[in-house]
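Undergrad: Have a look at this one.
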Amino acid sequence: MRTFPGNGSHGSQGPHGPRGTRPIIPAPAKDPTAPRPARRLPSALPWGWAAGLFTLYAILALRRHVLLRTTGYDLGIFEQAVRAYSRLRAPLVPLRGDDFNLLGDHFHPLLAVLAPFYRLWPSPVCLLVAQSALLALAVVPLARWALGALGRRAAHVVAAGYGLSWGIASAAAFDFHEVAFAVPLLAFALEALAHGRWAAAVVWSAPLLLVKEDLGLTLAAIGVYIAVKGPRRLGAATAVGGLAGSLIEFTVLLPALNPGGAYAHGGNLAEGYGSLLSTLAHAPLDALRPDIKAMTLVLVFAPSALLALRSPLSLIAVPTLAWRMMSQNAFHWGTAFHYSAVLMPVVLAGLIDALGRWRRTDHPLAARHVRASLATVLAVTLVMLPSFPLAQLFQRATWRTTVHIEAARALLARIPDGATVAASNRLVPQLTSRCTVVVFPTFPVEGRLYEYDRKRLPPPTAEWIIHDRQAPEAWPYRTGHWPYPIERQEAELAAARDTYGYRVVARRDGVTLLRLTRAARR
């Protein structure tokens with residue numbers, strides 16, 4: 001051992017031992033009675049927003065149902081499916097046709113998760129409340145991520161941007177749809193991607209294959225993101241699994257379960273130019289024509305003030321936007337209905353990611369840029385609010401029960417439980433929990449969903465017919481009657497009375513109730 005003058009192995013001693021050493025101070029004994037330091041609890045902010053949004057969505061959905069604004073297409077359809085699941089039966093849906101298995105329309109076996117709840121609460125309200133909860137739940141991972149990455153104020157803005165966005169509001173206000181399951185699944189998957197928890201992201205997004213057949217393409221997009229940003233093998237396997245899953249559903253499962261032996265909605269993606277090659281060549285222009293498509297593409301990213309476009313996460317929205325813009329169904333092009341709900345978590349995730357990247361830079365104006373961006377997002381959210389369904393909560397008509405509604409409910413109450421009924425579209429979900437219901441006049445005919453101009457309709461066979469001649473509140477449909485014009489509907493009603501053996505039981509404020517006579521039943 002090497003020694004130095006005055007610091008040898010027997011050098012001078014200090015007052016507490018050898019010079020240059022520190023005294024050993026024994027640790028104080030722990031008091032077993034002392035309270036343990038409190039663990040830091042997770043912020044209640046995300047769950048507070050979830051509770052508030054759930055209340056908002058549920059009130060809107062329930063008021064629309066009470067006002068006869070829900071429809072057989074689609075709330076009645078999904079209730080008939082869930083009702084069958086709750087009885088441990090295949091989801092045969094009379095509204096879609098005789099012995100029609102709804103899994104042959106869209107592939108959504110995850111819908112069976114609702115069966116135990118419906119068994120306890122057999123009502124269309126059960127589905128509306130479940131959808132409200134699912135849509136509200138998605139705010140939790142988004143607000144939690146924003147809280148950690150951008151701070152408390154930013155988390156409030158992100159939560160408002162998501163919760164009040166037009167895409168979510170349109171879904172919450174229009175009946176019930178299976179895509180409600182996809183919204184929280186995507187939100188949790190996006191949060192996992194942001195934190196590099198690749199396996200968790202796959203676990204959250206894999207069930208998309210059980211929600212709807214096209215969402216396997218979204219799963220594939222998530223796989224591509226993982227392959228670029230994280231483990232390549234996991235990402236590649238996820239992408240291949242998503243593509244293969246959708247392919248199997250489109251080409252094998254749906255045709256096998258559909259009574260027609262084909263994909264029910266294949267016509268929406270028909271070859272518009274005579275050949276697939278020509279259709280693909282025209283695709284870039286067709287994605288922006290007519291003008292409503294370009295408007296929708298802008299509005300999809302508007303809740304983020306377009307800032308989501310700066311994030312690679314926004315590419316996860318491409319599959320859904322692509323099939324919608326290339327569809328031949330005009331309903332897919334606009335902002336009504338439920339089709340944009342799955343895009344909102346992606347857009348808000350892109351916003352958080354883009355602002356988080358900017359905040360992590362050493363740019364002197366980074367903090368100011370983030371604050372200005374959040375203020376813009378909040379302003380856009382508030383400006384767009386009156387144009388979409390949440391604004392209905394502030395309209396007098398939403399809180400007023402009219403004489404017509406009272407009349408319709410009085411006649412609906414005269415139909416006994418367990419009866420077979422043919423009903424106007426807006427009256428169907430008032431009966432599906434206790435009767436076997438189809439649409440009056442007959443629709444669809446021979447399972448052909450998109451044919452509205454048939455010269456002859458099959459005669460009704462239900463025990464009861466209830467028809468409403470008053471034009472319903474239009475949104476999200478065009479003003480008027482569906483599925484046939486009022487003149488055609490009244491002609492079929494007259495034929496039921498004069499030709500098919502029905503007699504009028506009651507008529508009140510435009511609502512007519514008929515019953516099949518005993519002689520006609522024979």
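All residue names refer to the structure tokens as shown: chains lettered A, B, ... in order, residues numbered from 1 in each chain, ligands numbered from 1 in order.
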If you count only C-alpha atoms, which residues fall within 9 Å of Val346 of chain A, apart from same-chain ones fewer than 2 positions away, as a ChimeraX atom specification?
TA: /A:186-187,190,308,313-317,342-344,348-351
Undergrad: For the selection you just gave me, I'd like the residues written to a file as a PDB file, in the first residue's frame, keeping N, CA and C atoms.
TA:
ATOM      1  N   LEU A 186     -59.011   1.880 -28.948  1.00  0.00           N
ATOM      2  CA  LEU A 186     -58.013   2.674 -29.666  1.00  0.00           C
ATOM      3  C   LEU A 186     -57.341   3.696 -28.762  1.00  0.00           C
ATOM      4  N   ALA A 187     -58.108   4.324 -27.891  1.00  0.00           N
ATOM      5  CA  ALA A 187     -57.534   5.344 -27.004  1.00  0.00           C
ATOM      6  C   ALA A 187     -56.481   4.742 -26.085  1.00  0.00           C
ATOM      7  N   LEU A 190     -53.376   3.833 -28.156  1.00  0.00           N
ATOM      8  CA  LEU A 190     -52.583   5.004 -28.526  1.00  0.00           C
ATOM      9  C   LEU A 190     -51.750   5.510 -27.349  1.00  0.00           C
ATOM     10  N   ALA A 308     -52.721  17.666 -35.349  1.00  0.00           N
ATOM     11  CA  ALA A 308     -52.502  16.220 -35.344  1.00  0.00           C
ATOM     12  C   ALA A 308     -51.791  15.757 -36.597  1.00  0.00           C
ATOM     13  N   LEU A 313     -48.763   9.495 -35.640  1.00  0.00           N
ATOM     14  CA  LEU A 313     -49.916   8.744 -35.154  1.00  0.00           C
ATOM     15  C   LEU A 313     -51.154   8.980 -36.017  1.00  0.00           C
ATOM     16  N   SER A 314     -51.206  10.125 -36.680  1.00  0.00           N
ATOM     17  CA  SER A 314     -52.378  10.423 -37.504  1.00  0.00           C
ATOM     18  C   SER A 314     -52.519   9.453 -38.670  1.00  0.00           C
ATOM     19  N   LEU A 315     -51.453   8.776 -39.048  1.00  0.00           N
ATOM     20  CA  LEU A 315     -51.523   7.799 -40.140  1.00  0.00           C
ATOM     21  C   LEU A 315     -52.414   6.608 -39.777  1.00  0.00           C
ATOM     22  N   ILE A 316     -52.659   6.399 -38.490  1.00  0.00           N
ATOM     23  CA  ILE A 316     -53.527   5.296 -38.066  1.00  0.00           C
ATOM     24  C   ILE A 316     -54.974   5.553 -38.503  1.00  0.00           C
ATOM     25  N   ALA A 317     -55.287   6.804 -38.819  1.00  0.00           N
ATOM     26  CA  ALA A 317     -56.634   7.136 -39.298  1.00  0.00           C
ATOM     27  C   ALA A 317     -56.818   6.844 -40.779  1.00  0.00           C
ATOM     28  N   VAL A 342     -64.390   6.560 -34.413  1.00  0.00           N
ATOM     29  CA  VAL A 342     -63.097   5.883 -34.218  1.00  0.00           C
ATOM     30  C   VAL A 342     -61.925   6.782 -34.586  1.00  0.00           C
ATOM     31  N   LEU A 343     -62.178   7.878 -35.301  1.00  0.00           N
ATOM     32  CA  LEU A 343     -61.097   8.777 -35.703  1.00  0.00           C
ATOM     33  C   LEU A 343     -60.739   9.784 -34.615  1.00  0.00           C
ATOM     34  N   MET A 344     -61.664  10.096 -33.735  1.00  0.00           N
ATOM     35  CA  MET A 344     -61.420  11.148 -32.750  1.00  0.00           C
ATOM     36  C   MET A 344     -60.291  10.820 -31.776  1.00  0.00           C
ATOM     37  N   LEU A 348     -56.923  13.308 -31.431  1.00  0.00           N
ATOM     38  CA  LEU A 348     -56.482  13.922 -30.168  1.00  0.00           C
ATOM     39  C   LEU A 348     -55.142  13.346 -29.718  1.00  0.00           C
ATOM     40  N   ALA A 349     -54.897  12.067 -29.999  1.00  0.00           N
ATOM     41  CA  ALA A 349     -53.583  11.494 -29.692  1.00  0.00           C
ATOM     42  C   ALA A 349     -52.501  12.174 -30.526  1.00  0.00           C
ATOM     43  N   GLY A 350     -52.818  12.443 -31.794  1.00  0.00           N
ATOM     44  CA  GLY A 350     -51.860  13.161 -32.636  1.00  0.00           C
ATOM     45  C   GLY A 350     -51.567  14.546 -32.101  1.00  0.00           C
ATOM     46  N   LEU A 351     -52.586  15.220 -31.562  1.00  0.00           N
ATOM     47  CA  LEU A 351     -52.390  16.540 -30.962  1.00  0.00           C
ATOM     48  C   LEU A 351     -51.440  16.465 -29.774  1.00  0.00           C
TER      49      LEU A 351
END
Undergrad: DSSP on the backbone, then: every residue of segment 388-494 of chain A marked helix (DSSP H, G or I), written as number ranges by chain.
TA: A: 389-394, 396-399, 403-412, 428-430, 486-494
Undergrad: Nearest residue to Ala136 of chain A out of A:Val211, A:Ala180, A:Leu102, A:Ala413, using only C-alpha atoms?
TA: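 Checking each of A:Val211, A:Ala180, A:Leu102, A:Ala413 against Ala136 of chain A, counting only C-alpha atoms, the winner is A:Ala180.
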Undergrad: Segment 256-267 of chain A: which residues within 7 Å, counting only C-alpha atoms, same-chain residues fewer than 3 positions away excluded, as a ChimeraX atom specification?
TA: /A:100-101,103-105,250,252-253,270
Undergrad: Write out the residues from the selection above, keeping C-alpha atoms, as a PDB file, in the first residue's frame.
TA:
ATOM      1  CA  PHE A 100     -81.004 -13.089 -40.799  1.00  0.00           C
ATOM      2  CA  ASN A 101     -77.829 -13.605 -38.743  1.00  0.00           C
ATOM      3  CA  LEU A 103     -72.915 -11.501 -37.985  1.00  0.00           C
ATOM      4  CA  GLY A 104     -73.436 -11.792 -41.740  1.00  0.00           C
ATOM      5  CA  ASP A 105     -74.064  -8.042 -41.979  1.00  0.00           C
ATOM      6  CA  PHE A 250     -64.521 -10.106 -45.678  1.00  0.00           C
ATOM      7  CA  VAL A 252     -64.941 -16.146 -45.598  1.00  0.00           C
ATOM      8  CA  LEU A 253     -66.882 -15.364 -42.417  1.00  0.00           C
ATOM      9  CA  ALA A 270     -67.981  -1.517 -56.290  1.00  0.00           C
TER      10      ALA A 270
END
Undergrad: From the set A:Pro459, A:Gly151, A:Gly510, A:Pro255, which residue has the shortest atom-to-atom contact distance to Val403 of chain A, counting only C-alpha atoms?
TA: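 That would be A:Gly510, the residue with the smallest distance to Val403 of chain A.
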Undergrad: I need the residues of segment 370-469 of chain A that end up classed as strand (DSSP E) by DSSP on the backbone, written out as an NGL selection string.
TA: :A and (420-423 or 436-439 or 464-468)
Undergrad: Deliver the residues from the most recent selection as a file, using N, CA and C atoms, as a PDB file, in the first residue's frame.
TA:
ATOM      1  N   THR A 420     -96.259  -9.834 -32.630  1.00  0.00           N
ATOM      2  CA  THR A 420     -95.466  -9.499 -33.813  1.00  0.00           C
ATOM      3  C   THR A 420     -96.010  -8.194 -34.365  1.00  0.00           C
ATOM      4  N   VAL A 421     -95.106  -7.266 -34.697  1.00  0.00           N
ATOM      5  CA  VAL A 421     -95.505  -5.908 -35.055  1.00  0.00           C
ATOM      6  C   VAL A 421     -94.711  -5.434 -36.266  1.00  0.00           C
ATOM      7  N   ALA A 422     -95.398  -4.755 -37.187  1.00  0.00           N
ATOM      8  CA  ALA A 422     -94.742  -4.004 -38.260  1.00  0.00           C
ATOM      9  C   ALA A 422     -94.917  -2.530 -37.926  1.00  0.00           C
ATOM     10  N   ALA A 423     -93.806  -1.800 -37.793  1.00  0.00           N
ATOM     11  CA  ALA A 423     -93.868  -0.439 -37.266  1.00  0.00           C
ATOM     12  C   ALA A 423     -93.039   0.516 -38.106  1.00  0.00           C
ATOM     13  N   THR A 436     -91.710  -8.893 -31.282  1.00  0.00           N
ATOM     14  CA  THR A 436     -90.936  -9.208 -32.485  1.00  0.00           C
ATOM     15  C   THR A 436     -91.338  -8.196 -33.542  1.00  0.00           C
ATOM     16  N   VAL A 437     -90.385  -7.378 -33.995  1.00  0.00           N
ATOM     17  CA  VAL A 437     -90.715  -6.196 -34.784  1.00  0.00           C
ATOM     18  C   VAL A 437     -90.002  -6.217 -36.134  1.00  0.00           C
ATOM     19  N   VAL A 438     -90.713  -5.771 -37.167  1.00  0.00           N
ATOM     20  CA  VAL A 438     -90.146  -5.498 -38.484  1.00  0.00           C
ATOM     21  C   VAL A 438     -90.571  -4.099 -38.896  1.00  0.00           C
ATOM     22  N   VAL A 439     -89.968  -3.605 -39.974  1.00  0.00           N
ATOM     23  CA  VAL A 439     -90.284  -2.259 -40.450  1.00  0.00           C
ATOM     24  C   VAL A 439     -91.537  -2.308 -41.328  1.00  0.00           C
ATOM     25  N   TRP A 464     -99.856  -6.926 -35.713  1.00  0.00           N
ATOM     26  CA  TRP A 464    -100.177  -5.514 -35.525  1.00  0.00           C
ATOM     27  C   TRP A 464     -99.362  -4.664 -36.508  1.00  0.00           C
ATOM     28  N   ILE A 465     -99.937  -3.539 -36.890  1.00  0.00           N
ATOM     29  CA  ILE A 465     -99.228  -2.510 -37.650  1.00  0.00           C
ATOM     30  C   ILE A 465     -99.426  -1.194 -36.916  1.00  0.00           C
ATOM     31  N   ILE A 466     -98.334  -0.460 -36.708  1.00  0.00           N
ATOM     32  CA  ILE A 466     -98.445   0.887 -36.159  1.00  0.00           C
ATOM     33  C   ILE A 466     -97.628   1.803 -37.058  1.00  0.00           C
ATOM     34  N   HIS A 467     -98.295   2.830 -37.567  1.00  0.00           N
ATOM     35  CA  HIS A 467     -97.688   3.703 -38.564  1.00  0.00           C
ATOM     36  C   HIS A 467     -97.833   5.161 -38.154  1.00  0.00           C
ATOM     37  N   ASP A 468     -96.768   5.912 -38.368  1.00  0.00           N
ATOM     38  CA  ASP A 468     -96.754   7.336 -38.037  1.00  0.00           C
ATOM     39  C   ASP A 468     -96.552   8.118 -39.324  1.00  0.00           C
TER      40      ASP A 468
END
Undergrad: Which of these residues is nearest to Thr55 of chain A, using only C-alpha atoms: A:Leu128, A:Pro476, A:Ala201, A:Val179?
TA: A:Leu128
Undergrad: Fewer than 5 positions away in the same chain doesn't count, so skip those; otherwise give me all residues within 8 Å of Gln131 of chain A, counting only C-alpha atoms, as a list in words.
TA: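 These residues fall inside the cut-off: Ala172, Phe176, His177, Ala180 and Phe181 of chain A.
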Undergrad: Kindly export the residues of the current selection with C-alpha atoms, as a PDB file, in the first residue's frame.
TA:
ATOM      1  CA  ALA A 172     -73.532   9.472 -28.953  1.00  0.00           C
ATOM      2  CA  PHE A 176     -76.252   2.471 -30.821  1.00  0.00           C
ATOM      3  CA  HIS A 177     -73.388   1.048 -32.872  1.00  0.00           C
ATOM      4  CA  ALA A 180     -68.459   2.302 -29.574  1.00  0.00           C
ATOM      5  CA  PHE A 181     -66.270  -0.592 -28.403  1.00  0.00           C
TER       6      PHE A 181
END
Undergrad: Quick one: everything within 12 Å of Gly356 of chain A, counting only C-alpha atoms, minus sequence neighbours fewer than 6 positions away in the same chain. Send it as a PyMOL selection string.
TA: chain A and resi 145-151+154-155+194-195+307-308+310-311+349-350+366-367+369-371+373-374
Undergrad: Could you check the closest approach to Tyr85 of chain A for each of A:Pro122, A:Pro46, A:Ile59, A:Glu473 and tell me which residue wins, using only C-alpha atoms?
TA: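 Looking at the shortest contact to Tyr85 of chain A, the residue is A:Pro122.
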Undergrad: As an exercise, work out the distance from atom CA of Pro207 of chain A to atom CA of Gly163 of chain A in Å and give it to one decimal place.
TA: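 So the two atoms, atom CA of Pro207 of chain A and atom CA of Gly163 of chain A, lie 22.9 Å apart.
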Undergrad: So, with only C-alpha atoms as the atoms that count, which of A:Ala341, A:Ala244, A:Ala287, A:Leu114 lies closest to Ala138 of chain A?
TA: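 Residue with the minimum atom-to-atom distance to Ala138 of chain A: A:Ala341.
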Undergrad: For the atom pair atom CA of Ser170 of chain A and atom CA of Phe388 of chain A, what is the interatomic distance in Å to one decimal place?
TA: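 Between atom CA of Ser170 of chain A and atom CA of Phe388 of chain A the gap is 7.1 Å.
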Undergrad: Quick one: residues within 12 Å of Gln395 of chain A, only C-alpha atoms, excluding same-chain residues fewer than 6 positions away - as a list of chain:residue names?
TA: A:Leu60, A:Arg63, A:Pro386, A:Pro389
Undergrad: By how many Å are atom CA of Glu406 of chain A and atom CA of Asn425 of chain A apart?
TA: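 So the two atoms, atom CA of Glu406 of chain A and atom CA of Asn425 of chain A, lie 17.3 Å apart.
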Undergrad: As a list in words, please: the residues near Arg448 of chain A (cut-off 10 Å, only C-alpha atoms, same-chain neighbours under 2 positions excluded).
TA: Arg96, Gly97, Gly260, Ala264, His265, Phe443, Pro444, Val445, Glu446, Tyr450, Glu451 and Tyr452 of chain A
